[in-house]
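Pasted below: my_file12.csv, CSV, C-alpha atoms.
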```csv
chain,number,residue,atom,x,y,z
A,695,GLN,CA,88.2,123.4,99.7
A,696,VAL,CA,87.8,120.1,97.9
A,697,GLN,CA,88.1,116.7,99.4
A,698,LEU,CA,88.9,113.7,97.1
A,699,VAL,CA,88.9,110.0,97.9
A,700,GLU,CA,90.1,107.5,95.3
A,701,SER,CA,89.2,103.8,95.3
A,702,GLY,CA,89.4,100.8,93.0
A,703,GLY,CA,93.1,100.1,92.8
A,704,GLY,CA,94.6,96.6,93.2
A,705,LEU,CA,96.7,93.9,91.6
A,706,VAL,CA,95.9,92.8,88.1
A,707,GLN,CA,97.7,90.7,85.5
A,708,ALA,CA,98.9,92.3,82.3
A,709,GLY,CA,96.0,92.6,79.8
A,710,GLY,CA,93.5,93.0,82.6
A,711,SER,CA,91.2,95.9,83.6
A,712,LEU,CA,90.5,98.0,86.6
A,713,ARG,CA,88.1,100.9,87.2
A,714,LEU,CA,89.2,103.7,89.5
A,715,SER,CA,86.7,105.9,91.2
A,716,CYS,CA,87.1,109.3,92.9
A,717,ALA,CA,84.5,110.8,95.2
A,718,ALA,CA,84.6,114.6,95.5
A,719,SER,CA,83.1,116.9,98.1
A,720,GLY,CA,83.3,120.5,99.3
A,721,ARG,CA,82.6,122.5,96.1
A,722,THR,CA,80.1,122.5,93.3
A,723,PHE,CA,81.4,119.5,91.4
A,724,SER,CA,80.0,120.5,88.0
A,725,ASN,CA,81.9,123.8,88.1
A,726,TYR,CA,85.4,122.3,87.5
A,727,GLY,CA,87.3,119.9,85.4
A,728,MET,CA,89.0,116.9,87.0
A,729,GLY,CA,92.3,115.1,86.3
A,730,TRP,CA,93.9,111.8,86.9
A,731,PHE,CA,97.7,111.5,87.5
A,732,ARG,CA,100.0,108.7,88.5
A,733,GLN,CA,103.4,108.4,90.1
A,734,ALA,CA,105.6,105.3,89.8
A,735,PRO,CA,108.5,104.7,92.2
A,736,GLY,CA,111.4,106.9,91.5
A,737,LYS,CA,109.5,108.9,88.9
A,738,GLU,CA,107.8,112.2,88.8
A,739,ARG,CA,104.0,112.5,88.9
A,740,GLU,CA,102.6,112.4,85.4
A,741,PHE,CA,99.4,113.4,83.7
A,742,VAL,CA,97.1,110.5,82.7
A,743,ALA,CA,93.7,112.0,81.8
A,744,ALA,CA,91.5,115.0,82.3
A,745,ILE,CA,87.8,115.7,81.8
A,746,SER,CA,86.0,119.0,81.4
A,747,SER,CA,83.4,120.2,83.9
A,748,SER,CA,80.5,119.0,81.8
A,749,GLY,CA,82.2,115.8,80.7
A,750,GLY,CA,82.0,116.8,77.1
A,751,SER,CA,85.7,117.1,76.6
A,752,THR,CA,88.4,114.6,77.5
A,753,HIS,CA,92.2,114.5,77.2
A,754,TYR,CA,94.7,111.7,77.5
A,755,ALA,CA,98.4,111.1,77.8
A,756,GLY,CA,99.7,109.4,74.7
A,757,SER,CA,100.8,106.3,76.7
A,758,VAL,CA,97.2,105.6,77.8
A,759,LYS,CA,95.1,106.8,74.8
A,760,ALA,CA,92.8,104.1,73.5
A,761,ARG,CA,93.3,102.0,76.6
A,762,PHE,CA,92.0,104.3,79.4
A,763,THR,CA,88.7,106.2,79.5
A,764,ILE,CA,87.9,109.0,81.9
A,765,SER,CA,84.3,109.8,82.7
A,766,ARG,CA,82.3,111.6,85.4
A,767,ASP,CA,78.8,111.6,87.0
A,768,ASN,CA,78.0,115.1,88.2
A,769,ALA,CA,74.9,114.0,89.9
A,770,LYS,CA,77.0,111.7,92.1
A,771,ASN,CA,80.1,113.9,92.4
A,772,MET,CA,82.2,111.1,91.0
A,773,VAL,CA,84.9,110.8,88.4
A,774,TYR,CA,86.1,107.5,87.0
A,775,LEU,CA,89.1,106.0,85.2
A,776,GLN,CA,88.4,102.8,83.3
A,777,MET,CA,91.7,101.2,82.5
A,778,ASN,CA,91.9,98.4,80.0
A,779,SER,CA,94.7,96.4,78.4
A,780,LEU,CA,96.9,97.2,81.4
A,781,LYS,CA,100.6,96.9,81.1
A,782,PRO,CA,103.3,96.5,83.8
A,783,GLU,CA,104.4,100.0,83.0
A,784,ASP,CA,101.0,101.3,84.2
A,785,THR,CA,102.0,100.3,87.8
A,786,ALA,CA,101.9,103.4,89.9
A,787,VAL,CA,99.9,105.2,92.6
A,788,TYR,CA,97.0,106.9,90.9
A,789,TYR,CA,95.7,110.3,92.1
A,790,CYS,CA,92.6,112.2,91.2
A,791,ALA,CA,92.9,116.0,91.3
A,792,ALA,CA,90.8,119.1,91.3
A,793,PRO,CA,92.0,122.5,90.0
A,794,HIS,CA,92.7,125.7,91.9
A,795,THR,CA,89.6,127.6,92.8
A,796,GLY,CA,90.4,130.4,90.4
A,797,VAL,CA,90.5,128.2,87.3
A,798,PRO,CA,87.7,129.1,85.0
A,799,VAL,CA,84.9,126.5,84.6
A,800,THR,CA,85.8,126.4,80.9
A,801,THR,CA,89.4,125.4,81.5
A,802,THR,CA,90.7,121.9,82.1
A,803,PRO,CA,94.3,121.9,83.3
A,804,LEU,CA,96.5,119.3,81.7
A,805,SER,CA,99.5,119.6,84.1
A,806,ALA,CA,99.9,119.1,87.8
A,807,ALA,CA,100.6,122.8,88.2
A,808,GLY,CA,96.9,123.5,87.4
A,809,TYR,CA,95.6,121.4,90.3
A,810,ALA,CA,95.5,122.3,94.0
A,811,TYR,CA,93.5,119.4,95.5
A,812,TRP,CA,94.7,115.8,95.5
A,813,GLY,CA,93.3,112.6,96.9
A,814,GLN,CA,95.4,110.2,98.9
A,815,GLY,CA,96.1,107.9,95.9
A,816,THR,CA,95.3,104.3,95.1
A,817,GLN,CA,97.9,101.7,94.2
A,818,VAL,CA,97.6,100.0,90.9
A,819,THR,CA,100.0,97.1,90.3
A,820,VAL,CA,100.1,95.2,87.0
A,821,SER,CA,102.0,91.9,87.0
A,822,SER,CA,103.6,90.5,83.8
```
Please express the file's structure as structure tokens.
Amino acid sequence: QVQLVESGGGLVQAGGSLRLSCAASGRTFSNYGMGWFRQAPGKEREFVAAISSSGGSTHYAGSVKARFTISRDNAKNMVYLQMNSLKPEDTAVYYCAAPHTGVPVTTTPLSAAGYAYWGQGTQVTVSS
């Protein structure tokens, strides 16, 4: 079992920045990759970013590449999402996620199907 708690969401003007945090517990954190997803009203949950277990490899959705940065601190069991140059279309509930227990440590899923554990979400609202 993995427990995930996100924080750091809020209201920001277009062009601004926010840093989301996700605290993980319940499993050896450095043994699995982590992902960030988001879901806007009336839309399906979509992949935002993912990071490998060591932090050495990162992946981004095209819509956020060069604006968002995912990172992790394995000593603190934390994963972060730094969001810069925010746009109104970034408005959504953001979720961090951990993969199924059986996913190899060398694998970082890039779709929601690869993740079994989800936080409660944190709202990000970007005003124009």
Pick the closest to Thr785 (chain A) from A:Gln707, A:Thr752, A:Gln817, A:Ser715: which is it, counting only C-alpha atoms? A:Gln817
May I ask which of the residues A:Asn768, A:Thr819, A:Ser779, A:Thr795 is the closest one to Gly709 (chain A), counting only C-alpha atoms? A:Ser779
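Closest approach to Ala708 (chain A) among A:Ala807, A:Met728, A:Ala786, A:Leu780 is made by A:Leu780 (distances from all atoms listed in the file).
All protein, DNA and RNA residues at most 6 Å from (87.3, 104.3, 83.6) are Arg713, Thr763, Ile764, Tyr774, Leu775, Gln776 and Met777 of chain A, using all atoms listed in the file.
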Would you kindly return, as a PDB file with C-alpha atoms, in the coordinates of the input, each protein, DNA or RNA residue with an atom no farther than 7 Å from any atom of Gln814 (chain A), considering all atoms listed in the file and excluding same-chain residues fewer than 6 positions away?
```pdb
ATOM      1  CA  VAL A 699      88.900 110.000  97.900  1.00  0.00           C
ATOM      2  CA  GLU A 700      90.100 107.500  95.300  1.00  0.00           C
ATOM      3  CA  TYR A 789      95.700 110.300  92.100  1.00  0.00           C
TER       4      TYR A 789
END
```
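The nearest approach to Asp767 (chain A) among the residues A:Thr800, A:Ser719, A:Ser748, A:Phe741, with all atoms listed in the file taken into account, belongs to A:Ser748.
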Please report the interatomic distance between CA of Leu712 (chain A) and CA of Pro782 (chain A) in Å with one decimal. 13.2 Å
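Take the candidates A:Met772, A:Tyr809, A:Ser765, A:Thr801 and check each one against Gly749 (chain A) using only C-alpha atoms; the shortest distance goes to A:Ser765.
Among the candidates A:Val706, A:Leu804, A:Ala791, A:Ala717, the one nearest to His753 (chain A) when counting only C-alpha atoms is A:Leu804.
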State, in Å with one decimal place, the distance from CA of Tyr726 (chain A) to CA of Ser751 (chain A). 12.1 Å
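Rounded to one decimal, CA of Ala810 (chain A) and CA of Pro735 (chain A) lie 22.0 Å from each other.
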Do you know which residues are at most 7 Å from Tyr788 (chain A) counting all atoms listed in the file, after dropping those on the same chain fewer than 6 positions away, and could you put them as a VMD selection string? chain A and resid 731 to 733 815 to 818
Neighbours of Val742 (chain A) within 8 Å (all atoms listed in the file; same-chain residues fewer than 5 positions away dropped), as a PyMOL selection string? chain A and resi 729-732+754-755+758
Please determine the residues with any atom at most 12 Å from (86.0, 127.9, 102.9) (coordinates as given in the file, with all atoms listed in the file counting) and report them as a PDB file with C-alpha atoms, keeping the file's coordinate frame.
```
ATOM      1  CA  GLN A 695      88.200 123.400  99.700  1.00  0.00           C
ATOM      2  CA  VAL A 696      87.800 120.100  97.900  1.00  0.00           C
ATOM      3  CA  GLN A 697      88.100 116.700  99.400  1.00  0.00           C
ATOM      4  CA  GLY A 720      83.300 120.500  99.300  1.00  0.00           C
ATOM      5  CA  ARG A 721      82.600 122.500  96.100  1.00  0.00           C
ATOM      6  CA  THR A 795      89.600 127.600  92.800  1.00  0.00           C
TER       7      THR A 795
END
```
